[in-house]
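The structure appears below as structure tokens.
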Amino acid sequence: MGKEITVSVIKADVGGYVGHSSVHPELLAKAKAMLDGRPELIDYYVTHVGDDINLIMTHQLGCNAGKIHQLAWDTFVACTDVARKLKLYGAGQDLLSDAFSGNIKGMGPGVAEMQFEERKSEPIIIFMADKTEPGAWNLPLYKMFADPFNTIGLVIDPNMHDGFEFEVRDLIKNREVTFSAPEDIYDMLVLIGAPGHYCIKRVFHKKTGEIAASSSTQRLNLMAGRYVGKDDPVLIVRCQSGLPAVGEVLEPFASPHMVSGWMRGSHSGPLMPVGLKDCAPTRFDGPPRVVALGFQLADGKLHGPQDFFADTAFDLARQKANELANYIRRLGPFEPHRLHLDEMEYTTMPQVLEKLKERFKDLR
Ligand code: F6R
Ligand code: MG
Ligand code: MG
């Protein structure tokens with residue numbers, strides 16, 4: 001074992017309480033019991049955002065470690081048993097397979113991981129969202145690591161001035177491309193401005209090559225070939241000392257952006273930054289939410305969390321999100337509130353077209 005630390009954040013919705021809004025305390029207790037005292041872990045923190053359980057784990061086994069993925073899988077299976085017993089809603093919904101096959105990727109749960117040598121001081125932030133998709137991180141990641149109007153460090157910190165590299169995934173064609181900011185930003189924005197198709201997977205410090213951010217990018221419905229719930233992504237960001245400061249990393253969320261995934265995974269709405277106590281979606285199963293938990297790592301131990309968005313400095317963002325939500329809700333079944341046909345998780349279009357086929361008249 002090297003001295004490098006790996007942070008693995010693995011999440012799944014294995015049963016909602018009530019409906020798709022939250023996680024029952026018995027599931028969280030089961031998840032903690034499953035991770036407690038495990039020799040493969042240095043430390044762990046279990047939480048939930050909306051109806052998703054998030055396992056935040058530190059260890060020294062590297063990314064994609066079979067033992068860690070197995071542990072997360074077993075934990076979600078054990079939680080599913082509890083969810084079935086309590087008849088919770090959609091019990092086991094994110095576990096796409098009956099048997100674990102060595103790597104949890106592609107099996108339903110979302111995974112964000114990064115491995116690094118711990119710095120003299122290692123502040124990290126774990127972002128966790130509900131009722132949205134992985135591309136929801138594109139805009140905030142761009143602002144954190146490429147926009148000088150958000151991150152003044154890009155302009156005045158000599159250790160950041162060279163910029164960052166962005167690894168972008170094409171979720172449809174399953175391929176990736178790396179962009180260098182600031183040189184490539186116009187090309188990059190063509191892609192990442194389409195967050196349902198292209199997602200920022202990782203960000204690296206250009207000069208040192210150090211990993212700075214890592215997100216979960218799976219799209220459940222593309223994997224399962226049917227609607228199985230939104231992906232509700234997670235994101236790990238390292239902060240300070242040549243990386244964006246904690247405040248620069250949080251700043252993009254002060255202006256709620258529109259994301260896909262509200263009600264039935266088929267609507268667009270503002271991403272509302274909230275503290276843990278407000279993380280359960282309500283109105284129209286939303287609006288989509290994001291929580292930011294800060295930790296100081298010390299030899300892999302997670303000191304925290306600091307529940308950043310619980311702060312009053314994000315009150316106006318919440319108010320703005322509620323105003324935007326109120327406005328866009330009035331569009332009801334019309335785009336752009338309702339997503340474009342290709343992006344909807346639910347549709348009755350084939351049945352309706354079939355029913356209408358005799359009534360359609362060709363125009364010549
Ligand atoms: C779930 C979600 C919810 C559900 C909705 C309908 O992530 O976004 O809005 O899509 O509650 O759920 P079902 O079809 O399970 O009744
Ligand atoms: Mg759910
Ligand atoms: Mg969810």
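Each chain in the structure tokens gets a letter, A, B and so on, in the order shown; residues start at 1 in every chain, and ligands are counted from 1 in the order they appear.
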
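Contacts with ligand 3 are defined as any residue atom within 9 Å of a ligand atom, using only C-alpha atoms and all ligand atoms; the residues meeting this criterion are A:Ala12, A:Asp13, A:Gly16, A:His20, A:Ser21, A:Ser22, A:Val49, A:Gly50, A:Asp51, A:Asp52, A:Ile53, A:Ala129, A:Asp130, A:Lys131, A:Thr132, A:Gly229, A:Lys230, A:Asp231, A:Asp232, A:Pro233.
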
Could those selected residues go to a file with N, CA and C atoms, as an mmCIF file, in the first residue's frame?
data_model
loop_
_atom_site.group_PDB
_atom_site.id
_atom_site.type_symbol
_atom_site.label_atom_id
_atom_site.label_comp_id
_atom_site.auth_asym_id
_atom_site.auth_seq_id
_atom_site.Cartn_x
_atom_site.Cartn_y
_atom_site.Cartn_z
ATOM 1 N N ALA A 12 -26.553 5.652 -3.999
ATOM 2 C CA ALA A 12 -27.656 4.957 -4.666
ATOM 3 C C ALA A 12 -28.966 5.300 -3.975
ATOM 4 N N ASP A 13 -30.029 5.214 -4.753
ATOM 5 C CA ASP A 13 -31.390 5.313 -4.220
ATOM 6 C C ASP A 13 -31.898 3.876 -4.133
ATOM 7 N N GLY A 16 -37.289 5.103 -1.298
ATOM 8 C CA GLY A 16 -37.600 6.462 -0.849
ATOM 9 C C GLY A 16 -38.581 6.476 0.312
ATOM 10 N N HIS A 20 -40.504 9.666 -3.359
ATOM 11 C CA HIS A 20 -39.100 9.836 -3.772
ATOM 12 C C HIS A 20 -38.423 10.975 -3.015
ATOM 13 N N SER A 21 -38.863 11.262 -1.764
ATOM 14 C CA SER A 21 -38.371 12.505 -1.143
ATOM 15 C C SER A 21 -37.160 12.343 -0.239
ATOM 16 N N SER A 22 -37.074 11.277 0.541
ATOM 17 C CA SER A 22 -36.008 11.230 1.545
ATOM 18 C C SER A 22 -35.584 9.774 1.785
ATOM 19 N N VAL A 49 -29.009 12.826 0.525
ATOM 20 C CA VAL A 49 -29.579 14.045 -0.034
ATOM 21 C C VAL A 49 -30.803 13.588 -0.808
ATOM 22 N N GLY A 50 -31.964 14.090 -0.421
ATOM 23 C CA GLY A 50 -33.202 13.582 -1.002
ATOM 24 C C GLY A 50 -33.306 12.088 -0.736
ATOM 25 N N ASP A 51 -33.659 11.320 -1.776
ATOM 26 C CA ASP A 51 -33.863 9.881 -1.596
ATOM 27 C C ASP A 51 -32.607 9.055 -1.896
ATOM 28 N N ASP A 52 -31.443 9.711 -1.947
ATOM 29 C CA ASP A 52 -30.202 8.985 -2.249
ATOM 30 C C ASP A 52 -29.310 8.849 -1.019
ATOM 31 N N ILE A 53 -28.804 7.639 -0.797
ATOM 32 C CA ILE A 53 -27.822 7.412 0.278
ATOM 33 C C ILE A 53 -26.436 7.661 -0.299
ATOM 34 N N ALA A 129 -26.304 15.932 -5.197
ATOM 35 C CA ALA A 129 -27.540 16.548 -5.703
ATOM 36 C C ALA A 129 -28.654 15.507 -5.811
ATOM 37 N N ASP A 130 -29.892 15.988 -5.765
ATOM 38 C CA ASP A 130 -31.041 15.105 -6.002
ATOM 39 C C ASP A 130 -31.960 15.745 -7.037
ATOM 40 N N LYS A 131 -32.606 14.883 -7.828
ATOM 41 C CA LYS A 131 -33.528 15.264 -8.907
ATOM 42 C C LYS A 131 -32.816 15.986 -10.041
ATOM 43 N N THR A 132 -31.619 15.513 -10.346
ATOM 44 C CA THR A 132 -30.950 16.041 -11.521
ATOM 45 C C THR A 132 -29.956 15.029 -12.081
ATOM 46 N N GLY A 229 -35.173 6.130 -12.789
ATOM 47 C CA GLY A 229 -34.865 7.226 -11.858
ATOM 48 C C GLY A 229 -33.709 8.053 -12.377
ATOM 49 N N LYS A 230 -33.618 9.282 -11.849
ATOM 50 C CA LYS A 230 -32.543 10.176 -12.275
ATOM 51 C C LYS A 230 -31.243 9.788 -11.581
ATOM 52 N N ASP A 231 -30.138 10.332 -12.093
ATOM 53 C CA ASP A 231 -28.839 9.872 -11.611
ATOM 54 C C ASP A 231 -28.370 10.559 -10.344
ATOM 55 N N ASP A 232 -28.881 11.775 -10.095
ATOM 56 C CA ASP A 232 -28.608 12.409 -8.819
ATOM 57 C C ASP A 232 -27.120 12.336 -8.481
ATOM 58 N N PRO A 233 -26.308 13.162 -9.178
ATOM 59 C CA PRO A 233 -24.859 12.973 -9.192
ATOM 60 C C PRO A 233 -24.136 13.493 -7.956
#

Just the residues within 12 Å of Arg38 of chain A, please, counting only C-alpha atoms, with nothing from its chain fewer than 4 positions along; format it as a list of chain:residue names.
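The residues satisfying every condition are A:Lys32, A:Ala33, A:Met34, A:Ile42, A:Asp43, A:Tyr44, A:Met57, A:Thr58, A:His59, A:Lys67, A:Ile68, A:Leu71, A:Ala72, A:Thr75.
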
Which of segment 82-254 of chain A counts as helix (DSSP H, G or I) under DSSP, as a ChimeraX atom specification please?
/A:82-85,134-146,153-156,185-192,220-224,246-254

In terms of the shortest atom-to-atom distance over only C-alpha atoms and all ligand atoms, which of A:Pro333, A:Gly90, A:Gly209, A:Gly269 is closest to ligand 2?
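Of all the options, A:Gly90 lies closest to ligand 2.
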
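Closest approach to ligand 1 among A:Glu183, A:Asp342, A:Glu248, A:Asp94 is made by A:Asp94 (distances from only C-alpha atoms and all ligand atoms).
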
Taking only C-alpha atoms and all ligand atoms into account, which of A:Leu61, A:Leu189, A:Leu88, A:Ala83 comes nearest ligand 1?
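The closest residue to ligand 1 is A:Leu88.
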
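For the set A:Thr151, A:Gln218, A:Thr208, A:Ser97, the residue with the smallest atom-to-atom gap to Asn174 of chain A is A:Gln218, counting only C-alpha atoms.
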
For Leu139 of chain A, please output as a short mmCIF file (atom, residue, chain, number, x, y, z; two decimals) with N, CA and C atoms, in the first residue's frame all residues within 9 Å (counting only C-alpha atoms; exclusion window: fewer than 5 positions along the same chain).
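selection05.cif was written with the following content:
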data_model
loop_
_atom_site.label_atom_id
_atom_site.label_comp_id
_atom_site.auth_asym_id
_atom_site.auth_seq_id
_atom_site.Cartn_x
_atom_site.Cartn_y
_atom_site.Cartn_z
N MET A 144 -15.87 27.41 -11.52
CA MET A 144 -14.81 27.23 -10.51
C MET A 144 -13.42 27.27 -11.12
N ILE A 192 -19.85 21.20 -23.43
CA ILE A 192 -20.40 21.12 -22.07
C ILE A 192 -21.66 21.96 -21.88
N GLY A 193 -21.95 22.82 -22.86
CA GLY A 193 -23.23 23.54 -22.84
C GLY A 193 -24.40 22.60 -23.14
N PRO A 195 -25.42 19.58 -21.42
CA PRO A 195 -25.07 18.73 -20.27
C PRO A 195 -25.73 17.35 -20.27
N PRO A 252 -20.31 29.38 -7.46
CA PRO A 252 -21.23 29.18 -8.60
C PRO A 252 -22.66 28.89 -8.15
N HIS A 257 -28.69 27.63 -11.32
CA HIS A 257 -28.85 27.42 -12.77
C HIS A 257 -29.92 26.36 -13.02
#
